[in-house]
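The block underneath contains the structure these notes are about, expressed in structure tokens.
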Amino acid sequence: MARLWRPGQEKSKVDLAAAMIRLLAACHWRRRIHVAADAAYHGKALRNLPATCTFTTRLPGSAVLYDPAPPRTGRRGRPALKGTRLGTAKDLAERAAFRTCQVTRHQRTETVHLAEVTCLWYGSFHTRTVRAILLRDQDTTSGYDLALVTTDLTTTAPALITRYAWRWSIEVTFAEARDLLGVGQARSRTQRAVERTVPFGLYCYTITVVWYALHGHHPADAAEHRERAPWYTTKAEPSLSDMVAKLRRVIIAARFLPTSPGQPTDHEIRAVQQAWATACPDYVA
């Protein structure tokens with residue numbers, strides 16, 4: 001799915017994202033969906049996501065967290081919607097108890113220090129309970145290096161760090177789509193062209209990867225690339241540029257070297273049958 005966002009329109013990027021998440025959840029209502037986003041995606045639009053969806057995003061440094069609401073006292077008046085003010089992520093890091101964990105991210109397993117707090121982010125998720133997870137790298141002695149907030153209350157903190165790290169592949173996809181496939185370079189003028197050009201380019205990206213996985217991959221592709229570019233000593237897997245180059249070669253070969261012979265005409269078939277009948281009297285067509 002893709003949505004066109006224009007500055008100044010009524011719906012924000014967060015509104016569009018929430019609408020797409022709800023549509024995806026409706027189409028796959030039997031599955032649990034985990035969404036990971038960067039710090040720009042938070043707000044009131046995400047408060048009413050389906051129960052089958054969890055949302056994990058980077059916690060802004062200015063976000064203020066609170067304890068969950070205290071139990072009702074039975075007195076008259078409106079009950080409290082949030083508890084004691086916990087402060088920002090910086091405040092939490094000063095008094096949090098960090099523990100040492102192994103975390104896998106970006107294809108590497110590292111030793112880090114994690115702390116987590118169950119709380120409320122009243123400004124974005126209102127009264128929905130969330131978890132704030134603080135990550136401190138092994139060489140960091142104070143503060144934090146990464147702060148996440150998630151509505152997933154059951155997954156372990158190291159697994160959530162890994163899930164958030166997977167989001168980086170989206171950034172790589174956008175960069176490669178622009179640089180290798182020209183997505184976003186078209187100067188469209190009509191409304192439908194503007195709405196369709198970028199999604200079409202992303203579809204071409206997906207089709208290229210699927211084609212390579214099913215039909216174009218060869219175990220020697222990465223080794224061949226290292227032979228052509230010996231400075232890539234650590235290259236172990238093909239990149240999108242390798243997939244695109246191979247697809248182009250296959251398309252060119254299919255145009256100039258057809259793999260299926262041309263179909264004979266009726267006249268050519270009769271001529272062959274007549275020649276067989278002349279050479280072999282016992283031949284029956």
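Labels used: A, B, ... for chains in the order of the structure tokens, numbers from 1 for residues in each chain, and numbers from 1 for ligands as shown.
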Which polymer residues have any atom within 10 Å of an atom of Ala26 of chain A, counting only C-alpha atoms, with same-chain residues fewer than 6 positions away left out, as a CSV table (one decimal) with N, CA and C atoms, in the first residue's frame?
chain,number,residue,atom,x,y,z
A,20,MET,N,-3.9,3.0,6.9
A,20,MET,CA,-3.3,1.8,6.2
A,20,MET,C,-3.2,0.6,7.1
A,50,PRO,N,-6.6,-1.5,15.9
A,50,PRO,CA,-7.2,-2.8,16.3
A,50,PRO,C,-6.4,-3.5,17.3
A,52,THR,N,-5.5,-6.4,17.4
A,52,THR,CA,-4.5,-7.4,16.8
A,52,THR,C,-3.2,-6.7,16.4
So which bits of segment 2-240 of chain A end up strand (DSSP E) when you DSSP the backbone, as an mmCIF file with C-alpha atoms, in the first residue's frame?
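The file below, out_15.cif, is the result:
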data_model
loop_
_atom_site.group_PDB
_atom_site.id
_atom_site.type_symbol
_atom_site.label_atom_id
_atom_site.label_comp_id
_atom_site.auth_asym_id
_atom_site.auth_seq_id
_atom_site.Cartn_x
_atom_site.Cartn_y
_atom_site.Cartn_z
ATOM 1 C CA ILE A 33 0.506 -7.366 13.012
ATOM 2 C CA HIS A 34 3.543 -5.635 14.514
ATOM 3 C CA VAL A 35 4.269 -2.128 13.228
ATOM 4 C CA ALA A 36 7.631 -0.387 13.668
ATOM 5 C CA ALA A 37 8.034 3.297 12.820
ATOM 6 C CA CYS A 53 -1.928 -4.645 16.080
ATOM 7 C CA THR A 54 1.034 -3.501 18.138
ATOM 8 C CA PHE A 55 2.930 -0.293 17.474
ATOM 9 C CA THR A 56 6.591 0.353 18.259
ATOM 10 C CA THR A 57 8.221 3.708 17.632
ATOM 11 C CA ARG A 58 11.147 5.777 18.769
ATOM 12 C CA LEU A 65 5.639 9.537 30.565
ATOM 13 C CA TYR A 66 3.367 8.755 33.517
ATOM 14 C CA ARG A 85 4.675 11.921 36.363
ATOM 15 C CA LEU A 86 7.763 9.885 35.483
ATOM 16 C CA GLY A 87 9.354 12.461 33.218
ATOM 17 C CA ARG A 99 20.535 -5.157 32.871
ATOM 18 C CA THR A 100 22.982 -6.731 30.435
ATOM 19 C CA CYS A 101 21.454 -8.500 27.416
ATOM 20 C CA GLN A 102 22.406 -9.917 24.041
ATOM 21 C CA VAL A 103 20.673 -8.134 21.171
ATOM 22 C CA THR A 104 20.711 -9.030 17.488
ATOM 23 C CA ARG A 105 20.420 -6.078 15.124
ATOM 24 C CA ARG A 108 25.213 -8.574 14.416
ATOM 25 C CA THR A 109 24.784 -9.816 17.966
ATOM 26 C CA GLU A 110 25.932 -7.268 20.527
ATOM 27 C CA THR A 111 26.033 -6.920 24.290
ATOM 28 C CA VAL A 112 23.962 -3.948 25.471
ATOM 29 C CA HIS A 113 22.247 -2.698 28.628
ATOM 30 C CA LEU A 114 18.443 -2.498 28.706
ATOM 31 C CA ALA A 115 15.871 -1.031 31.066
ATOM 32 C CA GLU A 116 12.102 -1.030 30.661
ATOM 33 C CA VAL A 117 9.174 0.652 32.385
ATOM 34 C CA THR A 118 5.448 -0.008 32.037
ATOM 35 C CA CYS A 119 3.765 3.361 31.844
ATOM 36 C CA LEU A 120 1.489 5.720 29.931
ATOM 37 C CA THR A 129 -0.660 1.029 28.614
ATOM 38 C CA VAL A 130 2.737 1.046 26.892
ATOM 39 C CA ARG A 131 6.292 0.029 27.650
ATOM 40 C CA ALA A 132 9.282 2.345 27.454
ATOM 41 C CA ILE A 133 12.542 0.550 26.631
ATOM 42 C CA LEU A 134 15.894 2.264 27.078
ATOM 43 C CA LEU A 135 19.047 0.905 25.413
ATOM 44 C CA ARG A 136 22.539 1.803 26.480
ATOM 45 C CA ASP A 137 25.476 0.550 24.422
ATOM 46 C CA LEU A 146 18.007 4.497 22.062
ATOM 47 C CA ALA A 147 14.560 4.933 23.583
ATOM 48 C CA LEU A 148 11.546 3.016 22.265
ATOM 49 C CA VAL A 149 7.908 2.975 23.253
ATOM 50 C CA THR A 150 5.656 0.074 22.321
#
Can you tell me, as a PyMOL selection string, what residues are no more than 12 Å from Ala18 of chain A when counting only C-alpha atoms, ignoring any on the same chain fewer than 4 positions away? chain A and resi 3+11-14+22-25+35+37+41-50+53-55
Could you name the residues that touch Ser241 of chain A at 10 Å or less, counting only C-alpha atoms, but leaving out those on the same chain fewer than 6 positions away, as a PyMOL selection string? chain A and resi 176+179-181+247
So how far away is atom CA of Arg128 of chain A from atom CA of Ala69 of chain A, in Å?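 Atom-to-atom, atom CA of Ala69 of chain A to atom CA of Arg128 of chain A, that is 10.1 Å.
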With distances taken over only C-alpha atoms, which of A:Phe200, A:Thr155, A:Arg75, A:Pro60 is nearest to Ala89 of chain A? A:Pro60
Just the number, please: distance in Å from atom CA of Ala17 of chain A to atom CA of Pro68 of chain A, one decimal.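 Distance between the two atoms: 26.7 Å.
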re atom CA of Lys246 of chain A and atom CA of Tyr205 of chain A: distance 13.7 Å
When you count only C-alpha atoms, which of these residues is closest to Met243 of chain A: A:Ala229, A:Ala220, A:Val210, A:Val183?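 Ranked by minimum distance to Met243 of chain A, first place goes to A:Val210.
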Those of segment 58-285 of chain A in DSSP helix (DSSP H, G or I), formatted as number ranges by chain: A: 89-95, 122-125, 157-166, 168-181, 191-216, 221-228, 240-256, 266-279
Give me, as a PyMOL selection string, all polymer residues having an atom no more than 12 Å from Arg187 of chain A, counting only C-alpha atoms and skipping those fewer than 6 positions away in the same chain. chain A and resi 193-195+197-198
Have a look at A:His218, A:Arg196, A:Arg248, A:Gly143 and name the one nearest to Ala97 of chain A; count only C-alpha atoms. A:Gly143
